[in-house]
file run_35.txt (compact mmCIF, C-alpha atoms and all ligand atoms)
# COMPACT_ATOMS: atom_id res chain seq x y z
CA MET A 1 -9.20 6.49 3.35
CA ILE A 2 -12.61 5.61 1.96
CA GLY A 3 -12.85 2.84 -0.61
CA ARG A 4 -15.12 2.55 -3.59
CA GLY A 5 -18.62 1.59 -2.56
CA TRP A 6 -21.97 0.80 -3.99
CA ARG A 7 -23.27 3.53 -6.29
CA LEU A 8 -26.89 4.67 -5.92
CA PRO A 9 -28.97 4.45 -9.11
CA PHE A 10 -29.86 8.16 -9.00
CA ARG A 11 -27.75 11.33 -9.04
CA PRO A 12 -29.27 14.29 -7.21
CA PHE A 13 -28.22 17.47 -9.10
CA GLY A 14 -25.94 15.27 -11.21
CA VAL A 15 -23.75 14.25 -8.25
CA PRO A 16 -22.96 10.49 -7.97
CA ILE A 17 -23.72 9.05 -4.52
CA GLU A 18 -21.76 6.10 -3.14
CA LEU A 19 -22.41 3.99 -0.08
CA ASP A 20 -19.26 2.70 1.59
CA PRO A 21 -19.43 -0.94 2.76
CA SER A 22 -19.14 0.33 6.36
CA PHE A 23 -22.49 2.03 5.77
CA ALA A 24 -24.22 -1.36 5.49
CA LEU A 25 -23.17 -2.11 9.07
CA VAL A 26 -23.98 1.24 10.53
CA LEU A 27 -27.52 1.61 9.18
CA PRO A 28 -28.96 -1.36 11.14
CA LEU A 29 -26.82 -0.36 14.13
CA PHE A 30 -28.36 3.12 14.14
CA ALA A 31 -31.85 1.71 13.60
CA TRP A 32 -31.28 -0.49 16.66
CA LEU A 33 -29.77 2.35 18.73
CA ILE A 34 -32.67 4.69 17.98
CA GLY A 35 -35.26 1.90 18.38
CA SER A 36 -33.96 0.90 21.80
CA GLN A 37 -34.09 4.53 22.99
CA VAL A 38 -37.63 5.38 21.84
CA ALA A 39 -39.02 5.69 25.39
CA ALA A 40 -36.11 7.92 26.49
CA TYR A 41 -36.45 10.11 23.37
CA ALA A 42 -40.23 10.40 23.90
CA GLU A 43 -39.53 11.64 27.43
CA LEU A 44 -36.97 14.15 26.14
CA LEU A 45 -39.44 15.38 23.51
CA GLY A 46 -42.05 15.72 26.27
CA SER A 47 -39.71 18.04 28.19
CA LEU A 48 -39.40 20.09 24.95
CA GLY A 49 -43.21 20.51 24.86
CA LEU A 50 -44.12 17.69 22.45
CA GLU A 51 -46.43 15.35 24.34
CA LEU A 52 -46.27 11.81 22.91
CA ASP A 53 -47.82 8.73 24.46
CA PRO A 54 -44.78 6.40 24.69
CA GLU A 55 -46.90 3.28 25.26
CA PRO A 56 -48.02 2.61 21.63
CA LEU A 57 -44.60 3.74 20.32
CA THR A 58 -42.75 1.08 22.30
CA ARG A 59 -45.17 -1.76 21.57
CA GLY A 60 -44.21 -4.78 19.39
CA ALA A 61 -42.12 -3.98 16.31
CA THR A 62 -43.03 -0.26 16.37
CA PRO A 63 -39.77 0.98 18.01
CA TRP A 64 -37.66 -0.86 15.39
CA LEU A 65 -39.69 0.61 12.55
CA LEU A 66 -39.28 4.05 14.13
CA GLY A 67 -35.56 3.31 14.52
CA LEU A 68 -35.24 2.33 10.86
CA ALA A 69 -37.15 5.44 9.72
CA GLY A 70 -34.96 7.56 12.02
CA ALA A 71 -31.72 5.97 10.72
CA LEU A 72 -32.76 6.39 7.06
CA GLY A 73 -33.77 9.98 7.83
CA LEU A 74 -30.43 10.58 9.54
CA PHE A 75 -28.44 9.44 6.51
CA THR A 76 -30.72 11.40 4.17
CA SER A 77 -29.97 14.43 6.37
CA VAL A 78 -26.23 13.82 6.00
CA LEU A 79 -26.70 13.53 2.24
CA VAL A 80 -28.65 16.83 2.12
CA HIS A 81 -25.85 18.46 4.16
CA GLU A 82 -23.24 17.25 1.64
CA LEU A 83 -25.40 18.39 -1.29
CA GLY A 84 -25.42 21.84 0.35
CA HIS A 85 -21.61 21.87 0.00
CA ALA A 86 -21.76 20.47 -3.56
CA LEU A 87 -24.24 23.08 -4.85
CA VAL A 88 -22.36 26.05 -3.39
CA ALA A 89 -19.04 24.62 -4.70
CA ARG A 90 -20.67 24.53 -8.13
CA LEU A 91 -21.32 28.31 -7.88
CA TYR A 92 -17.51 28.65 -7.78
CA GLY A 93 -17.15 26.35 -10.78
CA VAL A 94 -15.90 23.40 -8.69
CA LYS A 95 -17.32 19.99 -9.58
CA THR A 96 -18.20 17.35 -6.95
CA LEU A 97 -16.76 14.00 -8.05
CA ARG A 98 -18.91 12.01 -5.62
CA ILE A 99 -20.59 12.08 -2.25
CA THR A 100 -19.74 9.05 -0.11
CA LEU A 101 -21.75 7.97 2.91
CA TRP A 102 -19.74 5.94 5.41
CA PHE A 103 -19.91 5.09 9.08
CA LEU A 104 -18.76 8.51 10.28
CA GLY A 105 -21.19 10.41 8.07
CA GLY A 106 -20.71 11.88 4.62
CA VAL A 107 -17.89 13.22 2.49
CA ALA A 108 -18.36 15.41 -0.57
CA GLN A 109 -15.25 14.89 -2.70
CA LEU A 110 -14.61 18.09 -4.63
CA ASP A 111 -12.60 18.08 -7.83
CA ASP A 112 -10.47 20.96 -6.51
CA LEU A 113 -10.43 23.59 -3.80
CA PRO A 114 -12.15 26.77 -4.98
CA LYS A 115 -9.30 29.02 -6.12
CA ARG A 116 -10.76 32.34 -4.93
CA ARG A 117 -9.66 33.35 -1.43
CA GLY A 118 -12.35 32.87 1.20
CA ALA A 119 -14.39 30.64 -1.13
CA GLU A 120 -13.49 27.56 0.90
CA ALA A 121 -15.17 29.18 3.92
CA VAL A 122 -18.37 29.82 1.94
CA VAL A 123 -18.46 26.24 0.59
CA ALA A 124 -17.77 24.88 4.10
CA ILE A 125 -20.38 26.97 5.90
CA ALA A 126 -23.02 25.92 3.33
CA GLY A 127 -23.23 22.47 4.98
CA PRO A 128 -24.11 23.56 8.53
CA ILE A 129 -26.47 26.23 7.14
CA THR A 130 -28.25 23.55 5.10
CA SER A 131 -28.57 21.33 8.19
CA ALA A 132 -29.81 24.24 10.32
CA LEU A 133 -32.47 25.16 7.72
CA LEU A 134 -33.53 21.50 7.48
CA SER A 135 -33.80 21.39 11.28
CA LEU A 136 -36.01 24.51 11.32
CA GLY A 137 -38.19 23.11 8.51
CA LEU A 138 -38.67 19.80 10.35
CA ALA A 139 -39.40 21.61 13.63
CA ALA A 140 -42.14 23.57 11.82
CA LEU A 141 -43.50 20.30 10.39
CA VAL A 142 -43.89 18.80 13.89
CA ARG A 143 -46.32 21.59 14.76
CA LEU A 144 -48.73 20.49 12.01
CA GLU A 145 -52.08 19.28 13.31
CA GLY A 146 -53.10 15.69 12.73
CA LEU A 147 -49.55 14.27 12.56
CA ALA A 148 -49.57 10.70 13.90
CA ASP A 149 -47.45 10.17 17.05
CA GLY A 150 -45.02 7.88 15.21
CA ALA A 151 -44.45 10.44 12.41
CA ALA A 152 -44.16 13.27 14.97
CA PHE A 153 -41.53 11.19 16.80
CA VAL A 154 -39.37 10.62 13.70
CA VAL A 155 -39.72 14.21 12.44
CA SER A 156 -38.82 15.75 15.80
CA TYR A 157 -35.93 13.28 16.24
CA LEU A 158 -34.58 14.42 12.86
CA ALA A 159 -35.13 18.11 13.69
CA ILE A 160 -32.91 17.70 16.77
CA THR A 161 -30.36 15.54 14.93
CA ASN A 162 -29.99 18.09 12.12
CA ALA A 163 -29.42 20.86 14.67
CA GLY A 164 -26.77 18.61 16.25
CA LEU A 165 -25.24 17.93 12.82
CA ALA A 166 -24.97 21.68 12.16
CA LEU A 167 -23.34 22.35 15.55
CA PHE A 168 -20.97 19.37 15.46
CA ASN A 169 -19.70 20.28 11.99
CA LEU A 170 -18.94 23.80 13.22
CA LEU A 171 -16.23 22.46 15.57
CA PRO A 172 -13.04 24.28 14.51
CA ALA A 173 -11.24 21.06 13.50
CA LEU A 174 -10.12 19.97 10.04
CA PRO A 175 -11.63 18.26 8.06
CA LEU A 176 -14.91 19.38 9.65
CA ASP A 177 -16.63 22.43 8.18
CA GLY A 178 -15.70 24.66 11.13
CA GLY A 179 -12.02 23.81 10.60
CA ARG A 180 -12.29 24.70 6.89
CA VAL A 181 -13.93 28.04 7.69
CA LEU A 182 -11.16 28.74 10.20
CA ARG A 183 -8.38 27.76 7.75
CA SER A 184 -9.91 29.75 4.90
CA LEU A 185 -10.10 32.89 7.06
CA LEU A 186 -6.56 32.37 8.42
CA VAL A 187 -5.25 32.27 4.82
CA PHE A 188 -5.97 36.02 4.55
CA ALA A 189 -3.55 36.70 7.42
CA LEU A 190 -1.00 33.89 7.15
CA GLY A 191 -0.95 32.46 3.60
CA GLU A 192 -2.09 28.95 2.74
CA GLU A 193 0.60 26.70 4.15
CA ARG A 194 0.93 28.58 7.47
CA ALA A 195 -2.88 28.80 7.81
CA THR A 196 -3.20 25.04 7.31
CA ALA A 197 -0.47 24.39 9.89
CA VAL A 198 -2.20 26.61 12.50
CA ALA A 199 -5.67 25.19 11.71
CA SER A 200 -4.24 21.68 11.95
CA GLY A 201 -2.71 22.45 15.37
CA ILE A 202 -6.10 23.61 16.61
CA SER A 203 -7.66 20.47 15.04
CA ARG A 204 -5.32 18.21 16.97
CA ALA A 205 -6.22 19.98 20.21
CA VAL A 206 -9.94 19.52 19.46
CA ALA A 207 -9.32 15.87 18.51
CA VAL A 208 -7.49 15.24 21.79
CA LEU A 209 -10.25 16.90 23.85
CA LEU A 210 -12.91 14.95 21.97
CA GLY A 211 -10.93 11.72 22.36
CA VAL A 212 -10.45 12.18 26.10
CA TYR A 213 -14.11 13.05 26.54
CA GLY A 214 -15.18 10.04 24.41
CA PHE A 215 -12.86 7.79 26.42
CA LEU A 216 -14.05 9.00 29.82
CA THR A 217 -17.72 8.69 28.83
CA PHE A 218 -17.21 5.34 26.99
CA GLN A 219 -18.46 6.80 23.70
CA VAL A 220 -16.63 4.69 21.12
CA PHE A 221 -18.15 6.68 18.28
CA LEU A 222 -16.66 9.95 19.59
CA LEU A 223 -13.32 8.21 20.03
CA ALA A 224 -13.43 7.06 16.39
CA ILE A 225 -14.26 10.60 15.25
CA ALA A 226 -11.36 11.97 17.32
CA PHE A 227 -8.90 9.61 15.59
CA PHE A 228 -10.40 10.48 12.21
CA ILE A 229 -10.03 14.23 12.82
CA ASP A 230 -6.43 13.76 13.93
CA ALA A 231 -5.43 11.71 10.87
CA ALA A 232 -7.36 13.85 8.38
CA GLY A 233 -5.93 17.06 9.89
CA ARG A 234 -2.39 15.81 9.23
CA ALA A 235 -3.32 14.78 5.67
CA GLU A 236 -4.53 18.36 5.05
CA VAL A 237 -1.09 19.72 5.96
CA THR A 238 0.59 17.35 3.50
CA ALA A 239 -1.90 18.27 0.78
CA ALA A 240 -1.32 22.01 1.36
CA ARG A 241 2.46 21.45 1.09
CA ALA A 242 2.02 19.52 -2.16
CA ARG A 243 -0.26 22.23 -3.59
CA ARG A 244 2.38 24.84 -2.80
CA ALA A 245 5.11 22.70 -4.36
CA PHE A 246 3.03 22.28 -7.56
CA ALA A 247 1.98 25.93 -7.79
CA GLY A 248 3.26 27.54 -10.98
CA ARG A 249 5.13 24.35 -12.05
CA ARG A 250 4.72 22.77 -15.49
CA VAL A 251 4.29 19.11 -16.48
CA ARG A 252 7.60 19.21 -18.40
CA GLU A 253 9.52 19.67 -15.11
CA ALA A 254 8.35 16.36 -13.60
CA MET A 255 7.89 14.13 -16.66
CA THR A 256 10.24 11.42 -17.90
CA PRO A 257 11.38 12.96 -21.21
CA GLU A 258 11.84 11.16 -24.54
CA PRO A 259 10.43 7.76 -23.65
CA ILE A 260 11.13 4.85 -25.99
CA ALA A 261 8.12 4.79 -28.31
CA VAL A 262 7.04 2.01 -30.65
CA ASP A 263 4.59 1.92 -33.57
CA LEU A 264 1.44 -0.11 -34.15
CA ALA A 265 3.24 -2.83 -36.11
CA TRP A 266 5.47 -3.85 -33.20
CA THR A 267 4.78 -7.35 -31.84
CA ALA A 268 4.78 -8.74 -28.32
CA GLY A 269 7.95 -10.68 -29.19
CA GLN A 270 9.80 -7.52 -30.27
CA LEU A 271 8.56 -5.65 -27.20
CA ARG A 272 9.82 -8.47 -24.95
CA ARG A 273 13.27 -8.29 -26.54
CA LEU A 274 13.24 -4.50 -26.16
CA SER A 275 12.26 -4.75 -22.50
CA SER A 276 15.04 -7.28 -21.81
CA PHE A 277 17.66 -4.58 -22.37
CA ARG A 278 15.66 -1.35 -21.93
CA SER A 279 13.35 -2.25 -19.09
CA HIS A 280 10.43 0.15 -18.62
CA ALA A 281 7.04 -0.25 -16.98
CA ALA A 282 5.31 0.87 -20.17
CA TYR A 283 6.02 1.67 -23.83
CA PRO A 284 4.02 4.40 -25.55
CA VAL A 285 2.69 3.62 -29.03
CA THR A 286 2.81 6.54 -31.48
CA SER A 287 1.54 7.26 -34.99
CA VAL A 288 3.89 8.08 -37.91
CA ASP A 289 3.72 11.78 -37.02
CA GLY A 290 4.59 11.05 -33.36
CA ALA A 291 1.14 11.46 -31.79
CA PRO A 292 0.45 9.12 -28.81
CA LEU A 293 -2.07 6.36 -29.60
CA GLY A 294 -1.85 4.31 -26.40
CA VAL A 295 0.56 2.48 -24.10
CA VAL A 296 1.62 -1.14 -23.80
CA ARG A 297 2.52 -1.92 -20.19
CA ALA A 298 5.18 -4.52 -19.45
CA VAL A 299 2.60 -6.53 -17.46
CA ASP A 300 0.34 -6.65 -20.55
CA LEU A 301 3.03 -8.78 -22.25
CA ASP A 302 2.65 -11.60 -19.72
CA GLY A 303 1.41 -14.78 -21.34
CA VAL A 304 0.51 -13.30 -24.75
CA ASP A 305 1.56 -14.81 -28.05
CA ASP A 306 4.77 -13.42 -29.62
CA ALA A 307 2.89 -12.41 -32.78
CA THR A 308 0.30 -10.22 -30.99
CA SER A 309 0.62 -6.67 -32.32
CA ALA A 310 1.05 -3.51 -30.27
CA ALA A 311 -2.26 -2.38 -31.78
CA ASP A 312 -4.01 -5.24 -29.94
CA LEU A 313 -1.97 -4.93 -26.74
CA MET A 314 -2.15 -1.19 -26.17
CA ARG A 315 -4.48 0.58 -23.81
CA PRO A 316 -5.81 4.09 -24.27
CA VAL A 317 -3.80 6.87 -22.66
CA GLU A 318 -4.84 10.46 -21.94
CA ALA A 319 -2.62 13.24 -23.22
CA VAL A 320 -1.49 16.37 -21.41
CA ARG A 321 0.45 19.37 -22.73
CA ALA A 322 4.06 19.74 -21.52
CA ASP A 323 3.30 23.38 -20.63
CA ALA A 324 0.11 22.48 -18.66
CA ASP A 325 -0.12 23.10 -14.88
CA LEU A 326 1.50 20.23 -12.99
CA ASP A 327 -1.19 20.59 -10.32
CA ASP A 328 -3.97 19.83 -12.84
CA ALA A 329 -1.99 16.98 -14.42
CA VAL A 330 -1.51 15.30 -11.01
CA ARG A 331 -5.27 15.37 -10.48
CA GLN A 332 -5.82 13.93 -13.96
CA LEU A 333 -3.21 11.27 -13.17
CA ALA A 334 -5.08 10.25 -10.04
CA SER A 335 -8.22 9.40 -12.00
CA THR A 336 -6.82 7.91 -15.21
CA ALA A 337 -7.00 4.14 -15.64
CA ALA A 338 -3.72 3.90 -17.58
CA GLY A 339 -1.76 5.08 -14.51
CA ARG A 340 0.24 7.47 -16.72
CA LEU A 341 -0.25 10.43 -19.02
CA ALA A 342 1.25 10.97 -22.47
CA VAL A 343 2.94 14.38 -22.47
CA VAL A 344 2.73 16.17 -25.83
CA ASP A 345 4.15 19.34 -27.40
CA PRO A 346 1.89 22.03 -28.94
CA GLU A 347 1.86 20.03 -32.22
CA GLY A 348 0.51 16.96 -30.39
CA ARG A 349 3.76 14.94 -30.63
CA LEU A 350 4.81 12.73 -27.73
CA VAL A 351 7.63 14.30 -25.70
CA GLY A 352 7.35 12.45 -22.38
CA LEU A 353 5.42 10.31 -19.95
CA LEU A 354 4.14 11.35 -16.54
CA THR A 355 3.53 8.69 -13.85
CA LYS A 356 2.89 8.90 -10.11
CA THR A 357 6.46 7.71 -9.57
CA ASP A 358 7.72 10.68 -11.62
CA VAL A 359 5.69 13.05 -9.45
CA VAL A 360 6.92 11.53 -6.18
CA ARG A 361 10.54 11.61 -7.40
CA TRP A 362 10.13 15.23 -8.49
CA LEU A 363 8.64 16.16 -5.10
CA GLN A 364 11.57 14.51 -3.31
CA GLU A 365 14.08 16.31 -5.53
CA THR A 366 12.47 19.72 -5.02
CA ALA A 367 12.28 19.10 -1.26
CA ARG A 368 16.02 18.23 -1.29
CA ASP A 369 16.85 21.39 -3.28
CA GLY A 370 14.98 23.38 -0.65
CA GLY A 371 12.11 23.95 -3.06
CA ALA A 372 13.42 27.48 -3.65
CA THR A 373 14.65 27.04 -7.23
CA ARG A 374 12.03 28.86 -9.26
ZN ZN B 1 -20.09 19.54 6.02

call {"tool": "encode", "arguments": {"input": "run_35.txt", "output": "structure tokens", "more": "lines below"}}
Ligand SMILES: [Zn+2]
result
Amino acid sequence: MIGRGWRLPFRPFGVPIELDPSFALVLPLFAWLIGSQVAAYAELLGSLGLELDPEPLTRGATPWLLGLAGALGLFTSVLVHELGHALVARLYGVKTLRITLWFLGGVAQLDDLPKRRGAEAVVAIAGPITSALLSLGLAALVRLEGLADGAAFVVSYLAITNAGLALFNLLPALPLDGGRVLRSLLVFALGEERATAVASGISRAVAVLLGVYGFLTFQVFLLAIAFFIDAAGRAEVTAARARRAFAGRRVREAMTPEPIAVDLAWTAGQLRRLSSFRSHAAYPVTSVDGAPLGVVRAVDLDGVDDATSAADLMRPVEAVRADADLDDAVRQLASTAAGRLAVVDPEGRLVGLLTKTDVVRWLQETARDGGATR
């Protein structure tokens, strides 16, 4: 759903941060939205007991600078919220692959769901708790003497926004934190797949309510969030089904066994002749003792000289044991550049290849067999 974006040059706590292209649009938009509402916000803050003179705050370029500071602070707040998830996930031994900021906020992409029951709830609740603590800290900061009106404005705006962030994320809708807490607790009573189905039903109801409310009040942003919750909630159900299908299964069950392997001395010409009668998307290259060295993909043969050797054509390929968990291999498959894994026996000899197509075909076959053949 979210594409690769621009990577920040620093990694807080070792977690890579990416900015989605949509973020570039939304930052100035938020700066403008906040800037154009400075007088209204100042009035609101006045009713909360923080007296600010709105006149100097709305003069010249000041509101736009306040808006920019507010927007940057808002996205920093989202980032801190996501880091809250990432650090607690780390306590359970789960790595965060990246945190992406996009126009609907932030996403911490975890390497895996924490395996221990109830852990998902703890990781999920860490985000809103982080935001709530940040809100309290900022609210305390506003009370400091000698804070300039402009700074007091931005800090109190962020205190309120972080409180809102904590509350909004507690909505019981997947993929929001509240939905994850709900699902994780339901697992105790219903098991994973059933819990996800129930949590996703509740999510859809929340999404519909939010969508109707956003529509009636002309809040496009809420409408977008409602659609996002609806789509992401359904994706969670599919993911839970796939996890259940993979549970306890081995790589050997889904791989293509005994692929046609070649050695380093093969040439592009020979590979072309081979592919004309045994057409495959890729040919693994093995050493004399059968260990995988790389793969030559059929597309790599396009336009190369007949004499080019397999050694020059091949690309590196990651290996996976035939008796490894299919679940882990699928994750490895998703991140490997070669698009396939070399499956090896305990002695390190090539016994198969595993591609995404193999996994999809295997899933279809198990679904057809009722998935009950264990
Ligand atoms: Zn969160």

call {"tool": "residues_near_ligand", "arguments": {"input": "run_35.txt", "ligand": "ligand ZN 1 (chain B)", "cutoff": "7 Å", "atoms": "only C-alpha atoms and all ligand atoms", "output": "list of chain:residue names"}}
result
A:His81, A:Glu82, A:His85, A:Ala124, A:Gly127, A:Pro128, A:Asn169, A:Leu176, A:Asp177

call {"tool": "write_last_selection", "arguments": {"input": "run_35.txt", "atoms": "C-alpha atoms", "output": "mmCIF file, in the frame of the given file"}}
result
data_model
loop_
_atom_site.group_PDB
_atom_site.id
_atom_site.type_symbol
_atom_site.label_atom_id
_atom_site.label_comp_id
_atom_site.auth_asym_id
_atom_site.auth_seq_id
_atom_site.Cartn_x
_atom_site.Cartn_y
_atom_site.Cartn_z
ATOM 1 C CA HIS A 81 -25.850 18.460 4.160
ATOM 2 C CA GLU A 82 -23.240 17.250 1.640
ATOM 3 C CA HIS A 85 -21.610 21.870 0.000
ATOM 4 C CA ALA A 124 -17.770 24.880 4.100
ATOM 5 C CA GLY A 127 -23.230 22.470 4.980
ATOM 6 C CA PRO A 128 -24.110 23.560 8.530
ATOM 7 C CA ASN A 169 -19.700 20.280 11.990
ATOM 8 C CA LEU A 176 -14.910 19.380 9.650
ATOM 9 C CA ASP A 177 -16.630 22.430 8.180
#

call {"tool": "residues_around", "arguments": {"input": "run_35.txt", "residues": "Asp112 in chain A", "least_positions_apart": "6", "cutoff": "10 Å", "atoms": "only C-alpha atoms", "output": "list of chain:residue names"}}
result
A:Ala89, A:Gly93, A:Val94, A:Lys95, A:Thr96, A:Leu97, A:Asp328, A:Arg331

call {"tool": "residues_around", "arguments": {"input": "run_35.txt", "residues": "range 57-71 of chain A", "least_positions_apart": "6", "cutoff": "7 Å", "atoms": "all atoms listed in the file", "output": "PyMOL selection string"}}
result
chain A and resi 27+30-32+34-36+38-39+150+154+158

call {"tool": "residues_around", "arguments": {"input": "run_35.txt", "residues": "range 40-49 of chain A", "least_positions_apart": "5", "cutoff": "8 Å", "atoms": "all atoms listed in the file", "output": "list in words"}}
result
Pro54, Phe153, Ser156 and Tyr157 of chain A

call {"tool": "atom_distance", "arguments": {"input": "run_35.txt", "atom1": "CA of Leu190 in chain A", "atom2": "CA of Ile202 in chain A"}}
result
14.9 Å

call {"tool": "build_atoms", "arguments": {"input": "run_35.txt", "residues": "range 163-182 of chain A", "atoms": "N, CA and C atoms", "output": "short mmCIF file (atom, residue, chain, number, x, y, z; two decimals), keeping the file's coordinate frame"}}
result
data_model
loop_
_atom_site.label_atom_id
_atom_site.label_comp_id
_atom_site.auth_asym_id
_atom_site.auth_seq_id
_atom_site.Cartn_x
_atom_site.Cartn_y
_atom_site.Cartn_z
N ALA A 163 -30.01 19.75 13.90
CA ALA A 163 -29.42 20.86 14.67
C ALA A 163 -28.07 20.41 15.22
N GLY A 164 -28.02 19.15 15.72
CA GLY A 164 -26.77 18.61 16.25
C GLY A 164 -25.71 18.49 15.17
N LEU A 165 -26.13 18.07 13.97
CA LEU A 165 -25.24 17.93 12.82
C LEU A 165 -24.61 19.28 12.46
N ALA A 166 -25.45 20.33 12.47
CA ALA A 166 -24.97 21.68 12.16
C ALA A 166 -23.93 22.11 13.19
N LEU A 167 -24.24 21.91 14.47
CA LEU A 167 -23.34 22.35 15.55
C LEU A 167 -22.04 21.55 15.55
N PHE A 168 -22.17 20.21 15.42
CA PHE A 168 -20.97 19.37 15.46
C PHE A 168 -20.01 19.74 14.34
N ASN A 169 -20.56 19.96 13.14
CA ASN A 169 -19.70 20.28 11.99
C ASN A 169 -19.05 21.65 12.10
N LEU A 170 -19.55 22.48 13.03
CA LEU A 170 -18.94 23.80 13.22
C LEU A 170 -17.74 23.75 14.17
N LEU A 171 -17.44 22.58 14.75
CA LEU A 171 -16.23 22.46 15.57
C LEU A 171 -15.03 22.91 14.74
N PRO A 172 -14.14 23.73 15.32
CA PRO A 172 -13.04 24.28 14.51
C PRO A 172 -11.93 23.28 14.27
N ALA A 173 -12.24 22.10 13.73
CA ALA A 173 -11.24 21.06 13.50
C ALA A 173 -11.33 20.58 12.06
N LEU A 174 -10.18 20.56 11.38
CA LEU A 174 -10.12 19.97 10.04
C LEU A 174 -10.32 18.47 10.16
N PRO A 175 -11.01 17.79 9.30
CA PRO A 175 -11.63 18.26 8.06
C PRO A 175 -13.09 18.68 8.24
N LEU A 176 -13.52 18.94 9.46
CA LEU A 176 -14.91 19.38 9.65
C LEU A 176 -15.08 20.79 9.07
N ASP A 177 -16.34 21.15 8.84
CA ASP A 177 -16.63 22.43 8.18
C ASP A 177 -16.07 23.62 8.96
N GLY A 178 -16.20 23.57 10.30
CA GLY A 178 -15.70 24.66 11.13
C GLY A 178 -14.20 24.86 10.94
N GLY A 179 -13.46 23.75 10.82
CA GLY A 179 -12.02 23.81 10.60
C GLY A 179 -11.70 24.43 9.25
N ARG A 180 -12.52 24.13 8.23
CA ARG A 180 -12.29 24.70 6.89
C ARG A 180 -12.56 26.20 6.88
N VAL A 181 -13.62 26.61 7.59
CA VAL A 181 -13.93 28.04 7.69
C VAL A 181 -12.74 28.75 8.34
N LEU A 182 -12.28 28.17 9.46
CA LEU A 182 -11.16 28.74 10.20
C LEU A 182 -9.92 28.86 9.30
#
